[in-house]
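Below you'll find the structure, written out as structure tokens, and then a few comments.
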Amino acid sequence: MAPNPSRTVISATSQALRRCACPAQPAAPRRLMQATRPLSSSSTARSPEASESATGQQQERPRWSYTPERMKGPGFSINPVKNPSRTIWHNNEDPAKLDAMYNRLLGSKGPDMLPDEIKWLAVTHKSFDQGRRGFNTRLAYFGRLILSLETTRHIMISPAPARDPPSPDEFGREPFQHPALVNIDKLQTRQPQDIVSKEKLTKLAIEVGLPEVVRWKPKMPENLEASGLTVVLNTSLFAIIGAISLQHGAEVAQKIVREKILRRLGA
Amino acid sequence: MKRLRLDQWTGQLLLARPGAASVSASAPRAVLRSTTPLSRCAAVRCQSTAAAASPSIPAQGTPEDEYIDGTDHARFPPLENLPPRATSMPSPPPSRALESAKLAALHARLALPEKLPLQTLARALVDASADPSPDFNNSTLAFVGQSLIHYHVGEYLMCRYPRLPMDILYAAMKGYAGHTTLHHVARSWGVEHAAAPGGEVDPGLLQFSMHKPGDAITGFGYQRAELKYLRKYNWRHSISSRIVFDDDFGEIVDPEAQRETLGRRTDTQYGDAFTRSLAERAYANCTRAVVGALYTHAGREPAKAFVRAHILSRHLDLSQLFAFKKPAKELSLLCAREDFEPPVARLLSETGRLSRTPVFVVGIFSGKDKLGEAAGPSLEHARAKAAMNALKSWYLYSPGEHVRVPSDMLAEEAKPWEPVHIDVGEIIGR
């Protein structure tokens, strides 16, 4: 149907009110069809000269390094804060430190395995910057599925630990014997969650220097453990595994999990 | 008519034979025949009055009659030769798997490879509540199958819908791999269950017990420290902490409640929601166990093909799973984050504004590009729907139906891998 032709004052006002509320922006927003701000993902080596060569316009900053302007609020908050010192928390902004952590975790090729944006995304928790710069929750979910399956496989293909002879069946039965079923029965004594428990993964994360590199906002900076440091570190480790799988495929991810995670946990 | 309770029968029969429970295979058979005819008849459900008049003890010495199932073997000869003491075993012995027509038919119907022996398939049909011994039940097989199913469904969802919000991803995972779904999958295979487990049932039937607890298949997940308060005050457990603490469906891991649920006895006559959930869980574990058995015997590729054929081929409409609270605000924040022009709602067409059933078609534009459009009975309604459609079109972006998944790289001579789009995350617009 054709729109209502007569534009009265009331309809014009209601049309204006129908616009989604958005403060007036000093900078002209880009058109949809133009490329959004470039990601620093294509080249893994950082080149400071390239980022400063923007002529006259806004500096081309990588997406991980700033909050989008239009997502920022009025600049103050009316929320009463009980303890203002808890609002102060500084995260790492140095790519070299991040690369060093990836080097320790994944080996010499570690910093080159993921694009820049993904490297930062994998260590960014949802509590960082109100979630405006993205977070690693999805990657971590996938990473945990990978780790769970890979640890189960690892138990199945490892030689069975010498255990006490199993107690005979109370009905005197003999189970069906097959070489393949021996692998399954190993899972009766070893559970994957005991091998990659959250405490062990936290210890591994501290060893590679992950706490200094993750981006998050603890509720109580004076007590990180009670603020959930374990959860944040585990999430980051899972997210790194998930990112490697999505970036390179399952074969590479399996290798990384076996060599860099399971072996270090003493599995 | 009161429902038959076969376990009460066997209990009465065991009582009627003093020392029968502790008798070993080497004990003389005379001990087993110490029951009086009258007490045996009391346990037997007589078909007619004539049968009650003249109970007869079966002839002794024949090897076929060495099991007691409560019937008179002279009148009702057994249909098959059961091994000794079959009724006292919790599940059929593995040798009987080779004689079951149902099992062989299931094996053929699922087109399982020859490498998967019938005995393992029989083991996959025995739930932990029927048989507590882990060498004879499907708990370890189901554990492996669960890990496999969750991994393959997870990687499929990650690659097919790279921008799916986390709570929708959890719901989709449950929709593809939850208890109810896998129960339907097993039923669609034609798996039927035995009325009560025992050594004499057909090995091709799913065996589980409604009266005994079984082991729950545990996956990853930990009990939260604040579990008591979560339950009592109905606290919200955050989505980002579910990754570490909760199971693969985002649900709280509560071992105490699980044990208590599994330990509840059911004495209902016709069954209720609880017995239904027990049955569903048993069927779901059976499905997982079949996948686990296939992986154990045939390897990774057949198991992956099986999961894709039976589970990932199901259709789940993800667009119905969304529930937005403030769609216009969320869309505005999305446009701000992605640096699009601010969204503007425009009335595209309308009819019947002053009538009882108006229709307004509203489109939401970012600059010259239309993000979403919807029709509604009022202007606000139509704008909200249009914003929801715009957000769904963002979150449900998909590179296509036939996407490559990371596990494709495990096959030999796989083509080089192209990185999947990794999204930064959903808008927290709550």
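Convention: chains lettered A, B, ... in structure tokens order; per-chain residue numbering from 1; ligands numbered from 1 as shown.
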Could the residues of chain B within 7 Å of chain A, counting only C-alpha atoms, be given as an NGL selection string, please? :B and (89 or 94 or 119 or 135-136 or 140-141 or 147-148 or 150-151 or 154 or 166 or 220 or 240-241 or 243-244 or 296-297 or 328 or 332-333 or 336-337 or 339-341 or 343-345 or 348-351 or 367 or 406-407 or 409-410 or 417 or 419-420 or 424-425 or 428)
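Once Asp202 (chain B) and its same-chain neighbours fewer than 5 positions away are set aside, Ser91, Pro92, Arg96, Ala97, Glu99, Ser100, Ala101, Lys102, Leu103, Ala122, His193, Ala194, Pro197 and Gln207 of chain B remain within 10 Å of it when counting only C-alpha atoms.
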Quick one: everything within 8 Å of Lys217 (chain A), counting only C-alpha atoms, minus sequence neighbours fewer than 6 positions away in the same chain. Send it as an MDAnalysis selection string. chainID A and resid 89 127:129
Residues of the last selection are to be written out with N, CA, C and O atoms, as a compact mmCIF listing (two decimals), in the first residue's frame.
```txt
# COMPACT_ATOMS: atom_id res chain seq x y z
N TRP A 89 41.66 -0.80 37.58
CA TRP A 89 42.30 -2.06 37.17
C TRP A 89 42.92 -1.83 35.82
O TRP A 89 42.28 -1.31 34.92
N SER A 127 34.11 -9.69 30.95
CA SER A 127 34.03 -8.57 31.88
C SER A 127 34.86 -7.37 31.43
O SER A 127 34.77 -6.31 32.04
N PHE A 128 35.65 -7.54 30.38
CA PHE A 128 36.52 -6.46 29.95
C PHE A 128 35.73 -5.44 29.15
O PHE A 128 35.09 -5.80 28.15
N ASP A 129 35.78 -4.19 29.58
CA ASP A 129 35.22 -3.08 28.81
C ASP A 129 33.74 -3.30 28.50
O ASP A 129 33.27 -2.98 27.42
```
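Our summary of the geometry notes that CA of Ser129 (chain B) is positioned 24.7 Å from CA of Tyr176 (chain B).
The closest residue to Pro95 (chain A), picked from A:Trp120, A:Phe76, A:Tyr66, A:Trp216 and counting only C-alpha atoms, is A:Trp120.
Reported to one decimal place, the separation of CA of Val185 (chain B) from CA of Glu155 (chain B) is 20.3 Å.
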Based on the backbone DSSP call, show me all residues of region 69-197 of chain B assigned helix (DSSP H, G or I), as number ranges by chain. B: 86-88, 94-99, 101-109, 118-124, 139-160, 166-177, 179-188
Would you save the residues from that selection as a PDB file, in the first residue's frame, using C-alpha atoms?
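Once written, result.pdb looks like this:
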```pdb
ATOM      1  CA  ALA B  86      19.973 -66.715  33.542  1.00  0.00           C
ATOM      2  CA  THR B  87      17.217 -65.094  35.558  1.00  0.00           C
ATOM      3  CA  SER B  88      19.500 -64.307  38.445  1.00  0.00           C
ATOM      4  CA  PRO B  94      27.375 -61.822  26.033  1.00  0.00           C
ATOM      5  CA  SER B  95      27.045 -65.228  24.362  1.00  0.00           C
ATOM      6  CA  ARG B  96      23.312 -64.731  23.959  1.00  0.00           C
ATOM      7  CA  ALA B  97      23.920 -61.717  21.745  1.00  0.00           C
ATOM      8  CA  LEU B  98      24.702 -64.013  18.825  1.00  0.00           C
ATOM      9  CA  GLU B  99      21.300 -65.670  19.084  1.00  0.00           C
ATOM     10  CA  ALA B 101      17.168 -61.791  16.022  1.00  0.00           C
ATOM     11  CA  LYS B 102      16.234 -58.325  17.271  1.00  0.00           C
ATOM     12  CA  LEU B 103      19.855 -57.415  17.812  1.00  0.00           C
ATOM     13  CA  ALA B 104      20.950 -58.644  14.415  1.00  0.00           C
ATOM     14  CA  ALA B 105      18.100 -56.734  12.830  1.00  0.00           C
ATOM     15  CA  LEU B 106      19.126 -53.539  14.640  1.00  0.00           C
ATOM     16  CA  HIS B 107      22.709 -54.024  13.527  1.00  0.00           C
ATOM     17  CA  ALA B 108      21.608 -54.403   9.927  1.00  0.00           C
ATOM     18  CA  ARG B 109      19.078 -51.590  10.073  1.00  0.00           C
ATOM     19  CA  LEU B 118      27.007 -58.004  18.111  1.00  0.00           C
ATOM     20  CA  GLN B 119      28.213 -58.469  21.662  1.00  0.00           C
ATOM     21  CA  THR B 120      29.279 -54.828  21.878  1.00  0.00           C
ATOM     22  CA  LEU B 121      25.968 -53.685  20.448  1.00  0.00           C
ATOM     23  CA  ALA B 122      24.241 -55.775  23.099  1.00  0.00           C
ATOM     24  CA  ARG B 123      26.370 -54.117  25.740  1.00  0.00           C
ATOM     25  CA  ALA B 124      25.336 -50.722  24.388  1.00  0.00           C
ATOM     26  CA  SER B 139      28.330 -46.290  30.787  1.00  0.00           C
ATOM     27  CA  THR B 140      31.853 -46.016  29.375  1.00  0.00           C
ATOM     28  CA  LEU B 141      30.632 -46.460  25.809  1.00  0.00           C
ATOM     29  CA  ALA B 142      28.058 -43.731  26.386  1.00  0.00           C
ATOM     30  CA  PHE B 143      30.703 -41.441  27.829  1.00  0.00           C
ATOM     31  CA  VAL B 144      32.842 -41.719  24.714  1.00  0.00           C
ATOM     32  CA  GLY B 145      29.803 -41.343  22.495  1.00  0.00           C
ATOM     33  CA  GLN B 146      28.708 -38.242  24.374  1.00  0.00           C
ATOM     34  CA  SER B 147      32.100 -36.580  23.948  1.00  0.00           C
ATOM     35  CA  LEU B 148      32.033 -37.364  20.237  1.00  0.00           C
ATOM     36  CA  ILE B 149      28.491 -36.202  19.663  1.00  0.00           C
ATOM     37  CA  HIS B 150      29.001 -32.948  21.536  1.00  0.00           C
ATOM     38  CA  TYR B 151      32.228 -32.251  19.678  1.00  0.00           C
ATOM     39  CA  HIS B 152      30.756 -32.831  16.237  1.00  0.00           C
ATOM     40  CA  VAL B 153      27.583 -30.901  16.931  1.00  0.00           C
ATOM     41  CA  GLY B 154      29.631 -28.095  18.473  1.00  0.00           C
ATOM     42  CA  GLU B 155      32.012 -27.746  15.570  1.00  0.00           C
ATOM     43  CA  TYR B 156      29.136 -27.848  13.097  1.00  0.00           C
ATOM     44  CA  LEU B 157      27.331 -25.036  14.897  1.00  0.00           C
ATOM     45  CA  MET B 158      30.497 -22.983  15.245  1.00  0.00           C
ATOM     46  CA  CYS B 159      31.218 -23.193  11.534  1.00  0.00           C
ATOM     47  CA  ARG B 160      27.708 -22.918  10.211  1.00  0.00           C
ATOM     48  CA  MET B 166      26.107 -18.012  23.459  1.00  0.00           C
ATOM     49  CA  ASP B 167      22.725 -18.738  25.031  1.00  0.00           C
ATOM     50  CA  ILE B 168      21.287 -19.663  21.633  1.00  0.00           C
ATOM     51  CA  LEU B 169      24.291 -21.888  21.062  1.00  0.00           C
ATOM     52  CA  TYR B 170      23.576 -23.713  24.315  1.00  0.00           C
ATOM     53  CA  ALA B 171      19.936 -24.149  23.356  1.00  0.00           C
ATOM     54  CA  ALA B 172      20.905 -25.406  19.901  1.00  0.00           C
ATOM     55  CA  MET B 173      23.328 -27.878  21.420  1.00  0.00           C
ATOM     56  CA  LYS B 174      20.572 -29.214  23.635  1.00  0.00           C
ATOM     57  CA  GLY B 175      18.252 -29.340  20.658  1.00  0.00           C
ATOM     58  CA  TYR B 176      20.632 -31.522  18.708  1.00  0.00           C
ATOM     59  CA  ALA B 177      22.244 -33.601  21.442  1.00  0.00           C
ATOM     60  CA  HIS B 179      18.338 -36.312  26.285  1.00  0.00           C
ATOM     61  CA  THR B 180      14.978 -35.858  24.605  1.00  0.00           C
ATOM     62  CA  THR B 181      16.415 -35.609  21.124  1.00  0.00           C
ATOM     63  CA  LEU B 182      18.643 -38.643  21.428  1.00  0.00           C
ATOM     64  CA  HIS B 183      15.710 -40.503  22.902  1.00  0.00           C
ATOM     65  CA  HIS B 184      13.719 -39.742  19.748  1.00  0.00           C
ATOM     66  CA  VAL B 185      16.678 -40.839  17.634  1.00  0.00           C
ATOM     67  CA  ALA B 186      16.841 -44.185  19.414  1.00  0.00           C
ATOM     68  CA  ARG B 187      13.114 -44.666  19.098  1.00  0.00           C
ATOM     69  CA  SER B 188      13.262 -43.886  15.418  1.00  0.00           C
TER      70      SER B 188
END
```
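Distance check against Ser378 (chain B) using only C-alpha atoms: of B:Ala225, B:Val362, B:Ala298, B:Ala216, the minimum falls on B:Val362.
In this comparison, which uses only C-alpha atoms, the residue of B:Lys232, B:Lys115, B:Lys385, B:His237 approaching Phe360 (chain B) most closely is B:Lys385.
Coordinates place CA of Glu225 (chain A) at a distance of 20.2 Å from CA of Lys82 (chain A).
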